[in-house]
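S.K.: One structure follows; several queries about it will come next.
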Amino acid sequence: MKAIAAVAGIAAFVLIAHLSGLFPVFRSHVAAEPGWQQFRRAYQLSEFGEDGHFVRAAQNGYNVFYFTYRYAWRFTRKGETDAHNACASCHRAEDLAYAFVNSDRYDARSGKRTSFEERVMRCFAEHMDGFVPTLYDPTVRDLRILARAVAHHMQLGEGALPSAENTWRAAR
Amino acid sequence: MARGTLIAANIGAIILAAAAFYVLAERQHAEREALRHAAVDLTPACRAKLDRYGLAASDVYRSPYLKQPVTARGYGEADVRAIQRGCNIVDDMQGELAATGDRERWNAKRFSRSHTASCDHCHQSLGDKQDAEGNRLVGSNSLAASWVMADMYDRFTGLLLPYELRQMQCYINSSNGFKPNAADDVLRDVTAYTRFLSAAVDLKIGNRYPEQGIDEIPVSATLRRGDDYVRGAHLYRENCARCHGPQGFGTTAGGKTVFPALAGPNSFSLDSRMNFARVNSVIPGFICRNMPPNEEGRLSNQDCRDIGYYISTLPRPAGDKQGPLAAAWQQLMMTVMPPLTGYADALGNSHVQPLDNDAAN
């Protein structure tokens with residue numbers, strides 16, 4: 001009887017793992033949150049990328065950035081009622097773009113070269129009082145893609161230095 | 001009592017094994033950390049390239065390449081070393097030019113079944129090919145231009161392809177090897193070098209530059225008379241065999257790779273986009289824009305397609321997607337075909353003379 005229960009338990013675990021858990025974490029459809037259409041127009045996202053894949057990922061990045069507590073709930077303990085519950089609570093989209101083009105550099109705080117993805121992970125662990133996503137997680141990927149889209153709109157190159165009005169934000 | 005002793009012994013053995021594994025891992029980590037801090041011995045090509053672009057540790061970076069210098073964020077000592085190591089990997093992935101072998105290249109060749117492959121073979125001039133006036137060349141597989149367009153939808157894989165995953169594909173297909181971890185230094189250093197190149201030539205994120213990738217040659221860009229194997233074989237012997245060898249096995253001299261293999265065990269695999277039979281517009285585009293060296297543009301579109309078609313028929317390793325039967329068949333062909341072809345060539349008074357060939361051509 002115990003053996004049957006053990007086998008059933010293992011089978012259930014494999015099935016759940018195979019179906020990516022009980023919750024729909026990976027979505028092919030991206031909900032249009034408030035402000036998305038304005039953001040899309042402002043940053044000319046529709047004209048970027050050869051098809052809809054990139055824009056859809058950028059849209060998910062937008063959702064994660066502005067509604068972190070809802071779209072990256074797995075990696076944060078912050079809820080809707082918390083004061084600082086989204087990436088946008090501390091950063092603007094432009095900050096993300098500058099951080100992206102200045103990533104993969106030596107970071108004195110961590111004592112090693114740090115990628116953009118690692119900075120995102122650290123934000124989740126510290127500022128969002130949560131957990132570290134993996135390097136491959138769509139949350140990390142789509143934030144990077146959002147940063148790319150904004151950097152493209154701003155026509156930033158590698159190592160672009162923020163202008164004076166952006167300095168205080170990008171330096172954080 | 002005996003049973004208790006046995007359990008204790010087992011637990012002790014497990015703890016001992018775990019401790020040994022831990023100590024080994026710690027040693028490996030310490031060695032990697034020491035390598036990260038060690039001064040980098042640049043290859044001659046890398047020294048010339050990085051000197052030309054003025055790489056040095058500083059608060060700001062201004063590229064000497066640009067007529068109107070742009071001030072960008074500078075690089076720290078650790079960043080400079082990473083860029084230098086990345087350049088070395090691109091130039092000499094196998095560690096043939098390294099004093100202490102491929103250890104200085106993060107043992108990159110453990111990810112390659114090919115014993116001669118290097119990034120520089122496809123991404124010529126260290127991924128930054130230019131003419132004598134310093135103009136970047138169309139379809140030259142530029143690494144920097146590839147970086148600024150990373151994360152775009154890739155029609156071959158159906159993915160939004162990050163730069164690291166693109167490098168993994170190079171290892172798997174072009175080097176017929178294995179996938180490094182996304183956070184492995186071997187990928188991160190090449191990314192650092194690539195990003196430095198894009199700063200040096202001031203490319204903007206998300207812009208499409210003509211030097212990115214390969215200027216593909218579809219059938220519609222030819223006379224549409226079909227791809228001709230016999231003509232391809234003739235053109236290959238006339239234009240390519242002197243460097244790549246009569247059977248495409250590449251050329252080596254003194255144990256160092258001089259020209260890369262196009263066929264045989266050191267070649268790219270059947271899964272590679274360079275395989276004409278898989279994507280028939282990529283290798284002709286590469287040939288027309290990059291071959292023969294210093295005579296680019298001499299071959300017509302039809303010539304390039306014919307040569308590409310001929311090369312695709314030479315035996316080469318099966319890719320991982322092809323399955324074990326295809327792998328066995330390709331292995332058999334790689335063993336059987338060269339002597340047969342060599343014999344046929346001898347009968348057909350082939351006039352091609354390889355430079356100096358250590359491979360089994």
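Ordered as shown in the structure tokens, chains take letters A, B, and onward, while each chain numbers its residues from 1 and ligands are numbered from 1 in the order shown.
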Give me the residues of chain B that have any atom at most 7 Å from an atom of chain A; for each, the nearest atom pair and the distance in Å, rounded to one decimal. Use only C-alpha atoms, sort by chain and number, and format it as a tab-separated table.

M.R.:
residue	atom	partner	partner_atom	distance
B:Ala72	CA	A:Gly159	CA	4.9
B:Arg73	CA	A:Gly159	CA	4.7
B:Gly76	CA	A:Tyr106	CA	6.4
B:Ala78	CA	A:Tyr106	CA	6.3
B:Asp79	CA	A:Arg105	CA	6.0
B:Asp151	CA	A:Ile145	CA	6.8
B:Met152	CA	A:Phe54	CA	6.2
B:Tyr153	CA	A:His53	CA	6.4
B:Leu160	CA	A:Phe54	CA	7.0
B:Ala192	CA	A:Asp104	CA	6.9
B:Arg195	CA	A:Glu158	CA	6.6
B:Ser198	CA	A:Glu158	CA	6.4
B:Ala199	CA	A:Glu158	CA	4.9
B:Asp202	CA	A:Gly157	CA	6.2
B:Leu203	CA	A:Gly157	CA	5.8
B:Lys204	CA	A:Gly157	CA	4.3
B:Ile205	CA	A:His152	CA	5.0
B:Gly206	CA	A:His152	CA	5.1

S.K.: Among range 1-162 of chain A, which ones does DSSP place in helix (DSSP H, G or I), written as a ChimeraX atom specification?

M.R.: /A:2-18,36-42,45-47,52-66,68-71,73-75,87-89,93-101,116-125,138-153

S.K.: If you measure from CA of Gly254 in chain B to CA of His121 in chain B, what distance in Å do you get, rounded to one decimal?

M.R.: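 Separation of CA of Gly254 in chain B and CA of His121 in chain B: 18.4 Å.
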
S.K.: Just how far from CA of Leu137 in chain B is CA of Gly285 in chain B, in Å to one decimal?

M.R.: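 CA of Leu137 in chain B lies 12.8 Å from CA of Gly285 in chain B.
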
S.K.: Using only C-alpha atoms, which residue out of B:Glu216, B:Asp102, B:Glu211, B:Glu295 lies closest to Arg273 in chain B?

M.R.: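 The closest residue to Arg273 in chain B is B:Glu216.
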
S.K.: CA of Asp128 in chain B and CA of Pro210 in chain B, how far apart in Å?

M.R.: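 These atoms are spaced 12.4 Å apart.
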